[in-house]
Amino acid sequence: MFEKTGIPSEEMIMGKFPSIERINKGAVAVVECYKEIPCNPCQTACKFGAIIIGEDINNIPKLYADKCTGCAVCLSKCPGLSIMVVDGSKLEETVEIKLPYEFVPLPKEGQIIKGLNREGEYITDVKVLKVLNPKSFDRTPLVTIEVDRKYLYEIRNIQVEV
Amino acid sequence: MRIEEHPILNFDKKKKIKFFFNGQSVEGYEGDTIASALHAAGVKVLGKSLFLHRPRGFYCAIGNCSSCLMTVNGVANVKTCVTDLEEGMNVEIQEGKGEIV
Amino acid sequence: MKQAELVIIGGGPAGLCAAVSAARSGAKVLIIERNKDLGGQLLKQTHMFFGSEKQYASLRGIDIPAILISELEKYKERVEIIKEATVVGVFEDGVITVLEKEENYFKIAPKALVLATGAYEKYLSFPNNDLPGIYGAGAVQTLMNVHGVKPGNKVLMVGAGNIGLIVSYQLMQAGVKVEAILDAAPKIGGYLVHASKVRRMGVPILTSHTVKEAIGKEELEKAVISQVDEKFSPIEGSEKTLDVDVMCISVGLTPLNELLAMRGCKMKYIPQLGGLVPLRNENYETSVENLFVAGDATGVEEASAAMVEGFLAGLCAAEKIGYRLDNFEEMKNDYLKQLEELRSGPAGKHILSGIEQIVL
């Protein structure tokens with residue numbers, strides 16, 4: 001189905017998420033790159049050796065969650081914008097999710113915006129905690145949102161109403 | 001139909017350029033081609049096909065396909081998608097194959 | 001008649017890389033570019049590139065020409081650039097003819113040529129496919145990303161290859177609504193990370209769908225789409241009408257090969273490479289001695305591959321006319337290895353099956 005619609009299955013998604021224990025310990029990347037393509041900037045970007053592609057640049061990146069610090073440098077380097085960072089260590093009820101967002105207007109800190117799933121459907125309101133857009137991100141800003149824990153595996157995009 | 005704000009690119013408005021389309025005064029900006037200025041002004045029909053006189057717009061926008069030929073300052077068959085807009089240009093829809101000056 | 005050592009036709013990704021590589025080898029290089037600016041189609045690629053660091057991965061296409069041009073600056077005493085000039089003929093005696101700014105017509109006798117003319121967008125047949133509002137996807141990219149003009153309000157994207165997916169994303173970045181992306185194939189042709197990126201913006205990707213007809217008087221007003229069966233025949237009763245004022249055709253590119261054919265290069269029709277392409281050896285030299293090719297003109301691929309081909313063809317063309325770098329073999333093998341890497345995945349298999357048929 002994925003190859004017909006661009007929507008990964010639940011099983012595929014779960015295969016990319018680190019364990020909930022790891023997520024609850026602190027920020028960690030989720031690398032949603034499902035298909036071999038010739039591409040390896042995520043490996044080059046990671047100073048901690050937490051994303052490994054190996055010799056053949058067509059390999060699917062493998063995340064070593066124990067080495068990942070959740071620094072999010074890879075998020076703005078991935079040409080497919082396929083990486084996000086999740087952090088379940090802050091609050092009981094919610095998780096923090098960092099997403100790349102290349103649209104205008106950017107949301108503002110504190111703003112309540114729409115959270116969308118992988119089909120672009122509205123699922124829940126989310127709170128914007130932080131918007132980072134330094135020069136080093138090269139015009140791929142990162143938006144940190146606070147999301148109800150039950151949507152951890154569903155949320156993948158945001159919508160800012162104009 | 002101009003992009004006002006863009007996440008990657010910067011489209012600060014440049015100098016205005018006035019030109020004529022079928023005798024009517026139209027405005028474009030520096031950096032426009034004739035076709036982009038016309039499109040921004042809402043003009044999509046740039047010509048008519050030779051035999052059936054069907055409306056023609058641009059297709060490739062990089063000077064390959066010849067779908068955007070117009071008469072410019074009296075010169076026929078100008079590729080308007082790759083010709084820079086200039087002040088006072090007289091741009092006209094071309095009927096038929098155009099006269100060779 | 002103007003004399004020259006190495007003439008490079010086309011200043012896009014392949015041509016610029018060929019120029020850098022040849023000038024670095026010591027050859028005097030003359031680039032002839034049709035447009036006002038160097039960079040070719042890179043000038044409208046606002047997205048980050050794939051590949052590895054060596055092919056400028058993770059940089060945006062729009063930022064790559066400046067890097068290559070500054071690289072060329074290092075050898076400026078032996079680099080000449082003629083812009084707004086079209087090569088209109090390549091003749092049997094090796095002489096080429098150039099038309100500069102529609103008024104200055106002259107001949108050049110180069111020792112060797114690298115032809116990097118690129119490709120052009122294919123069309124699709126359906127009733128009223130000539131209505132204004134129906135544009136090549138690349139054309140819409142030029143309109144938006146070079147000129148800052150929106151193509152319209154609601155877009156139907158025809159073709160779910162990388163260009164279709166990327167341009168859909170860029171349309172949304174420009175504030176234009178994409179109603180749907182369709183493709184006659186049963187599977188998405190482009191990279192799935194691109195597909196997921198537009199899908200999570202809410203754009204449906206309709207595989208096994210085609211355009212049945214366009215509707216409009218002077219301009220596109222509606223598009224009728226329909227599902228297709230395994231044999232790509234429209235399924236009766238599955239038609240849907242979409243209100244769109246723009247349709248982007250993104251059904252592939254075909255090499256700009258006229259000059260190669262004119263010179264008498266041996267050519268072959270290879271569907272996997274987009275059409276008629278020249279036979280060439282490992283060094284990207286065609287059946288005509290000292291005539292090299294690079295980029296989409298030798299087979300349509302990603303820009304990353306075009307750049308590596310450019311570096312390789314420039315290196316080898318310079319070597320052929322007497323400018324051999326001390327580490328020539330090492331450089332050449334590195335470029336060959338990069339190309340092998342770029343083509344070794346599932347997406348590259350298709351390309352390789354085409355290339356196998358054209359290597360001399």
# chains A, B, ... in the order shown; residues from 1 in each chain; ligands from 1
call {"tool": "residues_around", "arguments": {"residues": "Ala76 (chain B)", "least_positions_apart": "5", "cutoff": "12 Å", "atoms": "only C-alpha atoms", "output": "compact mmCIF listing (two decimals) with N, CA and C atoms, in the first residue's frame"}}
result
# COMPACT_ATOMS: atom_id res chain seq x y z
N GLY B 47 -1.11 33.10 -27.67
CA GLY B 47 -1.18 33.04 -29.13
C GLY B 47 -2.30 32.13 -29.59
N CYS B 68 5.09 29.55 -26.92
CA CYS B 68 4.86 30.90 -26.37
C CYS B 68 5.22 32.00 -27.36
N LEU B 69 5.30 31.68 -28.66
CA LEU B 69 5.75 32.67 -29.63
C LEU B 69 4.77 33.82 -29.75
N MET B 70 5.31 35.05 -29.72
CA MET B 70 4.48 36.24 -29.88
C MET B 70 5.23 37.26 -30.74
N THR B 71 4.53 38.31 -31.10
CA THR B 71 5.18 39.40 -31.82
C THR B 71 5.59 40.47 -30.82
N ASN B 90 6.35 46.39 -26.81
CA ASN B 90 5.04 46.24 -27.42
C ASN B 90 4.83 44.76 -27.76
N VAL B 91 4.04 44.09 -26.92
CA VAL B 91 3.86 42.64 -27.05
C VAL B 91 2.48 42.36 -27.63
N GLU B 92 2.44 41.57 -28.69
CA GLU B 92 1.14 41.31 -29.33
C GLU B 92 0.93 39.83 -29.61
N ILE B 93 -0.32 39.42 -29.53
CA ILE B 93 -0.67 38.06 -29.94
C ILE B 93 -0.49 37.97 -31.45
N GLN B 94 0.12 36.90 -31.86
CA GLN B 94 0.48 36.76 -33.28
C GLN B 94 -0.57 35.92 -34.00
N GLU B 95 -1.02 36.40 -35.11
CA GLU B 95 -1.93 35.60 -35.94
C GLU B 95 -1.11 34.95 -37.04
N GLY B 96 -1.24 33.67 -37.19
CA GLY B 96 -0.52 32.98 -38.26
C GLY B 96 0.96 32.87 -37.98
N LYS B 97 1.71 32.72 -39.06
CA LYS B 97 3.14 32.44 -38.90
C LYS B 97 3.97 33.68 -38.63
N GLY B 98 3.39 34.84 -38.75
CA GLY B 98 4.13 36.07 -38.49
C GLY B 98 4.87 36.54 -39.72
N GLU B 99 5.00 37.86 -39.83
CA GLU B 99 5.70 38.44 -40.98
C GLU B 99 7.18 38.52 -40.68
N ILE B 100 8.01 38.14 -41.62
CA ILE B 100 9.44 38.33 -41.45
C ILE B 100 9.78 39.73 -41.89
N VAL B 101 10.38 40.49 -40.97
CA VAL B 101 10.67 41.90 -41.27
C VAL B 101 11.87 41.99 -42.22
call {"tool": "residues_around", "arguments": {"residues": "region 53-59 of chain B", "least_positions_apart": "4", "cutoff": "10 Å", "atoms": "only C-alpha atoms", "output": "MDAnalysis selection string"}}
result
(chainID B and resid 35:36 39 43:49 63:69 79:81 93 95:96) or (chainID C and resid 121 123 128 130:140 217:219 248:249)
call {"tool": "write_last_selection", "arguments": {"atoms": "N, CA and C atoms", "output": "short mmCIF file (atom, residue, chain, number, x, y, z; two decimals), in the first residue's frame"}}
result
data_model
loop_
_atom_site.label_atom_id
_atom_site.label_comp_id
_atom_site.auth_asym_id
_atom_site.auth_seq_id
_atom_site.Cartn_x
_atom_site.Cartn_y
_atom_site.Cartn_z
N ALA B 35 6.62 36.34 -20.73
CA ALA B 35 5.58 35.37 -20.38
C ALA B 35 5.26 35.39 -18.89
N SER B 36 6.29 35.53 -18.03
CA SER B 36 6.00 35.53 -16.58
C SER B 36 5.24 36.79 -16.19
N HIS B 39 1.66 36.30 -17.33
CA HIS B 39 0.98 35.34 -16.47
C HIS B 39 0.59 35.98 -15.15
N VAL B 43 -2.77 36.94 -17.84
CA VAL B 43 -2.86 36.59 -19.26
C VAL B 43 -2.22 35.22 -19.48
N LYS B 44 -3.07 34.24 -19.81
CA LYS B 44 -2.54 32.90 -20.06
C LYS B 44 -2.48 32.57 -21.55
N VAL B 45 -3.36 33.20 -22.32
CA VAL B 45 -3.38 32.92 -23.76
C VAL B 45 -2.37 33.84 -24.44
N LEU B 46 -1.33 33.22 -24.98
CA LEU B 46 -0.24 34.00 -25.58
C LEU B 46 -0.31 34.00 -27.11
N GLY B 47 -1.11 33.10 -27.67
CA GLY B 47 -1.18 33.04 -29.13
C GLY B 47 -2.30 32.13 -29.59
N LYS B 48 -2.34 31.93 -30.91
CA LYS B 48 -3.35 31.03 -31.50
C LYS B 48 -2.62 30.03 -32.38
N SER B 49 -3.13 28.80 -32.41
CA SER B 49 -2.49 27.80 -33.25
C SER B 49 -2.68 28.16 -34.72
N GLY B 63 12.40 27.84 -23.19
CA GLY B 63 12.87 28.10 -24.56
C GLY B 63 12.98 26.89 -25.47
N ASN B 64 12.35 25.78 -25.10
CA ASN B 64 12.47 24.58 -25.94
C ASN B 64 11.30 24.38 -26.90
N CYS B 65 10.07 24.69 -26.46
CA CYS B 65 8.92 24.11 -27.15
C CYS B 65 8.22 25.04 -28.14
N SER B 66 8.51 26.32 -28.12
CA SER B 66 7.92 27.28 -29.07
C SER B 66 6.41 27.45 -28.95
N SER B 67 5.85 27.13 -27.79
CA SER B 67 4.42 27.30 -27.60
C SER B 67 4.07 28.75 -27.22
N CYS B 68 5.09 29.55 -26.92
CA CYS B 68 4.86 30.90 -26.37
C CYS B 68 5.22 32.00 -27.36
N LEU B 69 5.30 31.68 -28.66
CA LEU B 69 5.75 32.67 -29.63
C LEU B 69 4.77 33.82 -29.75
N LYS B 79 10.38 34.05 -28.59
CA LYS B 79 10.11 33.11 -27.49
C LYS B 79 9.94 33.93 -26.21
N THR B 80 8.70 34.19 -25.86
CA THR B 80 8.46 35.13 -24.75
C THR B 80 8.80 34.53 -23.39
N CYS B 81 8.95 33.19 -23.32
CA CYS B 81 9.26 32.58 -22.02
C CYS B 81 10.71 32.79 -21.62
N ILE B 93 -0.32 39.42 -29.53
CA ILE B 93 -0.67 38.06 -29.94
C ILE B 93 -0.49 37.97 -31.45
N GLU B 95 -1.02 36.40 -35.11
CA GLU B 95 -1.93 35.60 -35.94
C GLU B 95 -1.11 34.95 -37.04
N GLY B 96 -1.24 33.67 -37.19
CA GLY B 96 -0.52 32.98 -38.26
C GLY B 96 0.96 32.87 -37.98
N GLU C 121 10.93 18.39 -21.39
CA GLU C 121 9.79 17.67 -20.81
C GLU C 121 8.91 17.01 -21.86
N TYR C 123 5.37 15.29 -23.31
CA TYR C 123 3.95 15.65 -23.26
C TYR C 123 3.13 14.40 -22.98
N ASN C 128 -7.82 18.06 -25.61
CA ASN C 128 -7.60 19.43 -25.12
C ASN C 128 -6.31 19.60 -24.31
N ASP C 130 -3.79 20.90 -25.17
CA ASP C 130 -3.08 22.12 -25.57
C ASP C 130 -3.64 23.38 -24.91
N LEU C 131 -4.60 23.22 -24.00
CA LEU C 131 -5.19 24.41 -23.38
C LEU C 131 -4.17 25.16 -22.52
N PRO C 132 -4.15 26.48 -22.62
CA PRO C 132 -3.33 27.24 -21.67
C PRO C 132 -3.75 26.91 -20.24
N GLY C 133 -2.77 26.77 -19.35
CA GLY C 133 -3.05 26.30 -17.99
C GLY C 133 -2.49 24.90 -17.82
N ILE C 134 -2.22 24.24 -18.95
CA ILE C 134 -1.57 22.93 -18.89
C ILE C 134 -0.10 23.14 -19.22
N TYR C 135 0.74 22.93 -18.23
CA TYR C 135 2.16 23.24 -18.37
C TYR C 135 3.04 22.07 -17.97
N GLY C 136 4.24 22.09 -18.46
CA GLY C 136 5.24 21.15 -17.96
C GLY C 136 5.49 21.46 -16.50
N ALA C 137 5.76 20.42 -15.69
CA ALA C 137 5.99 20.66 -14.25
C ALA C 137 7.22 21.54 -14.05
N GLY C 138 8.22 21.33 -14.90
CA GLY C 138 9.43 22.15 -14.80
C GLY C 138 9.15 23.61 -15.15
N ALA C 139 8.20 23.82 -16.06
CA ALA C 139 7.84 25.18 -16.46
C ALA C 139 7.22 25.91 -15.28
N VAL C 140 6.38 25.21 -14.54
CA VAL C 140 5.73 25.80 -13.38
C VAL C 140 6.77 26.12 -12.31
N LYS C 217 -12.54 26.65 -22.23
CA LYS C 217 -12.74 27.33 -23.50
C LYS C 217 -11.43 27.94 -23.97
N GLU C 218 -11.02 29.00 -23.28
CA GLU C 218 -9.75 29.65 -23.61
C GLU C 218 -8.62 29.14 -22.73
N GLU C 219 -9.01 28.69 -21.53
CA GLU C 219 -8.03 28.24 -20.55
C GLU C 219 -8.57 27.00 -19.85
N CYS C 248 -0.18 20.23 -14.25
CA CYS C 248 1.25 20.09 -14.51
C CYS C 248 1.52 18.71 -15.09
N ILE C 249 2.20 18.69 -16.20
CA ILE C 249 2.54 17.40 -16.82
C ILE C 249 3.96 17.03 -16.42
#
call {"tool": "closest_atom_pairs", "arguments": {"of": "region 152-257 of chain C", "to": "region 119-141 of chain A", "cutoff": "12 Å", "atoms": "only C-alpha atoms", "output": "Markdown table"}}
result
| residue | atom | partner | partner_atom | distance |
| --- | --- | --- | --- | --- |
| C:Ala195 | CA | A:Glu119 | CA | 10.7 |
| C:Ser196 | CA | A:Glu119 | CA | 8.3 |
| C:Lys197 | CA | A:Gly120 | CA | 9.6 |
| C:Val198 | CA | A:Gly120 | CA | 8.6 |
| C:Arg199 | CA | A:Glu119 | CA | 5.5 |
| C:Arg200 | CA | A:Gly120 | CA | 4.0 |
| C:Met201 | CA | A:Gly120 | CA | 4.7 |
| C:Gly202 | CA | A:Gly120 | CA | 3.8 |
| C:Val203 | CA | A:Gly120 | CA | 7.4 |
| C:Pro204 | CA | A:Glu119 | CA | 8.1 |
| C:Ile205 | CA | A:Glu119 | CA | 10.2 |
call {"tool": "residues_around", "arguments": {"residues": "region 10-26 of chain B", "least_positions_apart": "2", "cutoff": "8 Å", "atoms": "only C-alpha atoms", "output": "list in words"}}
result
Ile3, Glu4, Glu5, His6, Ile8, Gly28, Tyr29, Glu30, Gly31, Ala41, Leu85, Glu86, Glu87, Gly88, Met89, Asn90, Val91, Glu92 and Ile93 of chain B; Gly148 of chain C
call {"tool": "write_last_selection", "arguments": {"atoms": "C-alpha atoms", "output": "PDB file, in the first residue's frame"}}
result
ATOM      1  CA  ILE B   3       4.278  35.027  -4.459  1.00  0.00           C
ATOM      2  CA  GLU B   4       4.360  37.413  -1.513  1.00  0.00           C
ATOM      3  CA  GLU B   5       6.111  35.281   1.039  1.00  0.00           C
ATOM      4  CA  HIS B   6       8.180  32.131   0.511  1.00  0.00           C
ATOM      5  CA  ILE B   8      13.078  29.372   0.845  1.00  0.00           C
ATOM      6  CA  GLY B  28       5.713  43.650 -14.704  1.00  0.00           C
ATOM      7  CA  TYR B  29       8.871  43.663 -12.646  1.00  0.00           C
ATOM      8  CA  GLU B  30      12.558  43.604 -13.331  1.00  0.00           C
ATOM      9  CA  GLY B  31      13.635  39.972 -13.632  1.00  0.00           C
ATOM     10  CA  ALA B  41      -1.140  39.901 -14.950  1.00  0.00           C
ATOM     11  CA  LEU B  85      10.769  42.127 -20.178  1.00  0.00           C
ATOM     12  CA  GLU B  86      11.837  45.654 -21.091  1.00  0.00           C
ATOM     13  CA  GLU B  87      10.304  49.050 -20.476  1.00  0.00           C
ATOM     14  CA  GLY B  88       7.842  50.079 -23.163  1.00  0.00           C
ATOM     15  CA  MET B  89       7.876  46.756 -25.001  1.00  0.00           C
ATOM     16  CA  ASN B  90       5.041  46.244 -27.420  1.00  0.00           C
ATOM     17  CA  VAL B  91       3.856  42.641 -27.052  1.00  0.00           C
ATOM     18  CA  GLU B  92       1.142  41.307 -29.333  1.00  0.00           C
ATOM     19  CA  ILE B  93      -0.673  38.061 -29.940  1.00  0.00           C
TER      20      ILE B  93
ATOM     21  CA  GLY C 148       7.993  34.482  -8.198  1.00  0.00           C
TER      22      GLY C 148
END
call {"tool": "closest_residue", "arguments": {"among": "A:Val162, A:Val104, A:Cys42, A:Leu116", "to": "chain B", "atoms": "only C-alpha atoms"}}
result
A:Val104
call {"tool": "residues_around", "arguments": {"residues": "Lys76 (chain C)", "least_positions_apart": "3", "cutoff": "12 Å", "atoms": "only C-alpha atoms", "output": "list in words"}}
result
Ala19, Val20, Ala23, Arg24, Gly26, Ala27, Lys28, Val29, Leu30, Ile69, Ser70, Glu71, Leu72, Glu73, Val79, Glu80 and Ile81 of chain C
call {"tool": "write_last_selection", "arguments": {"atoms": "N, CA and C atoms", "output": "PDB file, in the first residue's frame"}}
result
ATOM      1  N   ALA C  19      33.318  21.638 -16.897  1.00  0.00           N
ATOM      2  CA  ALA C  19      34.218  22.785 -17.031  1.00  0.00           C
ATOM      3  C   ALA C  19      35.202  22.841 -15.872  1.00  0.00           C
ATOM      4  N   VAL C  20      34.705  22.637 -14.659  1.00  0.00           N
ATOM      5  CA  VAL C  20      35.570  22.660 -13.473  1.00  0.00           C
ATOM      6  C   VAL C  20      36.648  21.584 -13.612  1.00  0.00           C
ATOM      7  N   ALA C  23      39.159  22.353 -16.549  1.00  0.00           N
ATOM      8  CA  ALA C  23      40.030  23.491 -16.224  1.00  0.00           C
ATOM      9  C   ALA C  23      41.036  23.096 -15.142  1.00  0.00           C
ATOM     10  N   ARG C  24      40.580  22.297 -14.193  1.00  0.00           N
ATOM     11  CA  ARG C  24      41.470  21.807 -13.132  1.00  0.00           C
ATOM     12  C   ARG C  24      42.587  20.952 -13.742  1.00  0.00           C
ATOM     13  N   GLY C  26      43.903  21.518 -16.545  1.00  0.00           N
ATOM     14  CA  GLY C  26      44.812  22.398 -17.276  1.00  0.00           C
ATOM     15  C   GLY C  26      44.329  22.810 -18.661  1.00  0.00           C
ATOM     16  N   ALA C  27      43.197  22.300 -19.086  1.00  0.00           N
ATOM     17  CA  ALA C  27      42.687  22.629 -20.418  1.00  0.00           C
ATOM     18  C   ALA C  27      42.064  24.024 -20.427  1.00  0.00           C
ATOM     19  N   LYS C  28      42.148  24.664 -21.589  1.00  0.00           N
ATOM     20  CA  LYS C  28      41.428  25.923 -21.780  1.00  0.00           C
ATOM     21  C   LYS C  28      39.990  25.582 -22.138  1.00  0.00           C
ATOM     22  N   VAL C  29      39.071  26.166 -21.391  1.00  0.00           N
ATOM     23  CA  VAL C  29      37.672  25.773 -21.502  1.00  0.00           C
ATOM     24  C   VAL C  29      36.817  26.937 -21.979  1.00  0.00           C
ATOM     25  N   LEU C  30      35.926  26.656 -22.891  1.00  0.00           N
ATOM     26  CA  LEU C  30      34.948  27.653 -23.325  1.00  0.00           C
ATOM     27  C   LEU C  30      33.551  27.079 -23.095  1.00  0.00           C
ATOM     28  N   ILE C  69      30.615  27.826  -9.741  1.00  0.00           N
ATOM     29  CA  ILE C  69      31.161  29.008 -10.406  1.00  0.00           C
ATOM     30  C   ILE C  69      32.389  29.518  -9.637  1.00  0.00           C
ATOM     31  N   SER C  70      32.337  29.466  -8.306  1.00  0.00           N
ATOM     32  CA  SER C  70      33.509  29.929  -7.550  1.00  0.00           C
ATOM     33  C   SER C  70      34.673  28.951  -7.735  1.00  0.00           C
ATOM     34  N   GLU C  71      34.352  27.709  -7.940  1.00  0.00           N
ATOM     35  CA  GLU C  71      35.377  26.699  -8.257  1.00  0.00           C
ATOM     36  C   GLU C  71      36.026  27.053  -9.611  1.00  0.00           C
ATOM     37  N   LEU C  72      35.201  27.445 -10.559  1.00  0.00           N
ATOM     38  CA  LEU C  72      35.702  27.841 -11.891  1.00  0.00           C
ATOM     39  C   LEU C  72      36.595  29.080 -11.818  1.00  0.00           C
ATOM     40  N   GLU C  73      36.240  29.990 -10.896  1.00  0.00           N
ATOM     41  CA  GLU C  73      37.013  31.236 -10.724  1.00  0.00           C
ATOM     42  C   GLU C  73      38.492  30.953 -10.479  1.00  0.00           C
ATOM     43  N   VAL C  79      39.398  29.972 -18.440  1.00  0.00           N
ATOM     44  CA  VAL C  79      37.958  29.704 -18.604  1.00  0.00           C
ATOM     45  C   VAL C  79      37.282  30.893 -19.283  1.00  0.00           C
ATOM     46  N   GLU C  80      36.623  30.629 -20.384  1.00  0.00           N
ATOM     47  CA  GLU C  80      35.843  31.675 -21.054  1.00  0.00           C
ATOM     48  C   GLU C  80      34.386  31.231 -21.070  1.00  0.00           C
ATOM     49  N   ILE C  81      33.489  32.184 -20.852  1.00  0.00           N
ATOM     50  CA  ILE C  81      32.062  31.846 -20.828  1.00  0.00           C
ATOM     51  C   ILE C  81      31.327  32.762 -21.790  1.00  0.00           C
TER      52      ILE C  81
END
call {"tool": "closest_residue", "arguments": {"among": "A:Tyr64, A:Tyr151, A:Phe17, A:Phe2", "to": "chain C", "atoms": "only C-alpha atoms"}}
result
A:Phe2
call {"tool": "residues_around", "arguments": {"residues": "region 258-275 of chain C", "least_positions_apart": "2", "cutoff": "7 Å", "atoms": "only C-alpha atoms", "output": "ChimeraX atom specification"}}
result
/C:89-92,253-256,277-279,286-288,299-300,350-351,354
call {"tool": "write_last_selection", "arguments": {"atoms": "N, CA and C atoms", "output": "PDB file, in the first residue's frame"}}
result
ATOM      1  N   GLY C  89      24.817  24.330 -34.634  1.00  0.00           N
ATOM      2  CA  GLY C  89      25.287  23.254 -35.507  1.00  0.00           C
ATOM      3  C   GLY C  89      26.599  22.666 -35.034  1.00  0.00           C
ATOM      4  N   VAL C  90      26.741  21.337 -35.210  1.00  0.00           N
ATOM      5  CA  VAL C  90      28.018  20.653 -34.981  1.00  0.00           C
ATOM      6  C   VAL C  90      28.289  19.878 -36.263  1.00  0.00           C
ATOM      7  N   PHE C  91      29.373  20.233 -36.958  1.00  0.00           N
ATOM      8  CA  PHE C  91      29.575  19.707 -38.300  1.00  0.00           C
ATOM      9  C   PHE C  91      30.637  18.614 -38.369  1.00  0.00           C
ATOM     10  N   GLU C  92      30.661  17.939 -39.522  1.00  0.00           N
ATOM     11  CA  GLU C  92      31.544  16.781 -39.701  1.00  0.00           C
ATOM     12  C   GLU C  92      33.016  17.105 -39.515  1.00  0.00           C
ATOM     13  N   LEU C 253      11.297  13.110 -18.879  1.00  0.00           N
ATOM     14  CA  LEU C 253      12.087  13.997 -19.727  1.00  0.00           C
ATOM     15  C   LEU C 253      12.674  13.182 -20.863  1.00  0.00           C
ATOM     16  N   THR C 254      13.065  13.877 -21.901  1.00  0.00           N
ATOM     17  CA  THR C 254      13.718  13.201 -23.007  1.00  0.00           C
ATOM     18  C   THR C 254      14.968  13.995 -23.400  1.00  0.00           C
ATOM     19  N   PRO C 255      16.084  13.293 -23.686  1.00  0.00           N
ATOM     20  CA  PRO C 255      17.354  13.999 -23.927  1.00  0.00           C
ATOM     21  C   PRO C 255      17.292  14.969 -25.105  1.00  0.00           C
ATOM     22  N   LEU C 256      17.934  16.115 -24.959  1.00  0.00           N
ATOM     23  CA  LEU C 256      18.079  17.072 -26.062  1.00  0.00           C
ATOM     24  C   LEU C 256      19.282  16.609 -26.895  1.00  0.00           C
ATOM     25  N   VAL C 277      19.535   8.255 -27.259  1.00  0.00           N
ATOM     26  CA  VAL C 277      20.777   8.684 -26.593  1.00  0.00           C
ATOM     27  C   VAL C 277      21.988   8.204 -27.389  1.00  0.00           C
ATOM     28  N   PRO C 278      23.129   8.881 -27.236  1.00  0.00           N
ATOM     29  CA  PRO C 278      24.315   8.474 -27.975  1.00  0.00           C
ATOM     30  C   PRO C 278      24.992   7.264 -27.321  1.00  0.00           C
ATOM     31  N   LEU C 279      25.576   6.414 -28.141  1.00  0.00           N
ATOM     32  CA  LEU C 279      26.439   5.373 -27.585  1.00  0.00           C
ATOM     33  C   LEU C 279      27.688   6.088 -27.077  1.00  0.00           C
ATOM     34  N   THR C 286      31.714   9.717 -27.212  1.00  0.00           N
ATOM     35  CA  THR C 286      30.745   9.083 -28.112  1.00  0.00           C
ATOM     36  C   THR C 286      31.483   8.345 -29.242  1.00  0.00           C
ATOM     37  N   SER C 287      30.717   7.849 -30.215  1.00  0.00           N
ATOM     38  CA  SER C 287      31.329   7.155 -31.357  1.00  0.00           C
ATOM     39  C   SER C 287      32.120   8.140 -32.216  1.00  0.00           C
ATOM     40  N   VAL C 288      31.930   9.427 -32.028  1.00  0.00           N
ATOM     41  CA  VAL C 288      32.710  10.445 -32.737  1.00  0.00           C
ATOM     42  C   VAL C 288      33.874  10.843 -31.839  1.00  0.00           C
ATOM     43  N   GLY C 299      21.237  10.480 -21.155  1.00  0.00           N
ATOM     44  CA  GLY C 299      20.295   9.611 -20.460  1.00  0.00           C
ATOM     45  C   GLY C 299      19.773  10.341 -19.244  1.00  0.00           C
ATOM     46  N   VAL C 300      18.440  10.400 -19.106  1.00  0.00           N
ATOM     47  CA  VAL C 300      17.839  11.206 -18.039  1.00  0.00           C
ATOM     48  C   VAL C 300      18.005  10.506 -16.686  1.00  0.00           C
ATOM     49  N   HIS C 350      16.907   0.251 -12.994  1.00  0.00           N
ATOM     50  CA  HIS C 350      16.211   0.590 -14.224  1.00  0.00           C
ATOM     51  C   HIS C 350      17.165   1.364 -15.157  1.00  0.00           C
ATOM     52  N   ILE C 351      17.831   2.369 -14.584  1.00  0.00           N
ATOM     53  CA  ILE C 351      18.788   3.187 -15.327  1.00  0.00           C
ATOM     54  C   ILE C 351      19.916   2.298 -15.871  1.00  0.00           C
ATOM     55  N   GLY C 354      19.392   0.336 -18.906  1.00  0.00           N
ATOM     56  CA  GLY C 354      19.479   1.146 -20.117  1.00  0.00           C
ATOM     57  C   GLY C 354      20.919   1.432 -20.487  1.00  0.00           C
TER      58      GLY C 354
END
call {"tool": "closest_atom_pairs", "arguments": {"of": "chain A", "to": "chain C", "cutoff": "6 Å", "atoms": "only C-alpha atoms", "output": "CSV"}}
result
residue,atom,partner,partner_atom,distance
A:Glu3,CA,C:Lys187,CA,5.4
A:Lys4,CA,C:Lys187,CA,4.7
A:Thr5,CA,C:Ile205,CA,5.6
A:Gly6,CA,C:Ser196,CA,4.7
A:Pro38,CA,C:Gly51,CA,5.2
A:Cys39,CA,C:Gly51,CA,4.2
A:Asn40,CA,C:Ser52,CA,5.5
A:Asn58,CA,C:Gly345,CA,5.3
A:Lys77,CA,C:Ser58,CA,5.5
A:Pro79,CA,C:Met48,CA,4.8
A:Gly80,CA,C:Val193,CA,5.0
A:Phe103,CA,C:Gln173,CA,5.6
A:Arg118,CA,C:Arg200,CA,4.4
A:Glu119,CA,C:Arg200,CA,4.6
A:Gly120,CA,C:Gly202,CA,3.8
call {"tool": "closest_residue", "arguments": {"among": "C:Ile358, C:Val146, C:Val178, C:Cys17", "to": "chain B", "atoms": "only C-alpha atoms"}}
result
C:Val146
call {"tool": "select_by_dssp", "arguments": {"residues": "chain A", "states": "strand (DSSP E or B)", "output": "ChimeraX atom specification"}}
result
/A:28-31,39,51-52,62-63,83-87,94-100,112-116,122-132,142-148,157-159
call {"tool": "closest_residue", "arguments": {"among": "C:Cys316, C:Leu113, C:Val149, C:Ser168", "to": "Asn281 (chain C)", "atoms": "only C-alpha atoms"}}
result
C:Cys316
call {"tool": "atom_distance", "arguments": {"atom1": "CA of Ile57 (chain A)", "atom2": "CA of Ala305 (chain C)"}}
result
13.6 Å
call {"tool": "decode", "arguments": {"residues": "region 6-10 of chain B", "atoms": "C-alpha atoms", "output": "compact mmCIF listing (two decimals), in the first residue's frame"}}
result
# COMPACT_ATOMS: atom_id res chain seq x y z
CA HIS B 6 8.18 32.13 0.51
CA PRO B 7 9.97 29.86 2.99
CA ILE B 8 13.08 29.37 0.84
CA LEU B 9 13.22 32.21 -1.65
CA ASN B 10 13.18 35.95 -1.37
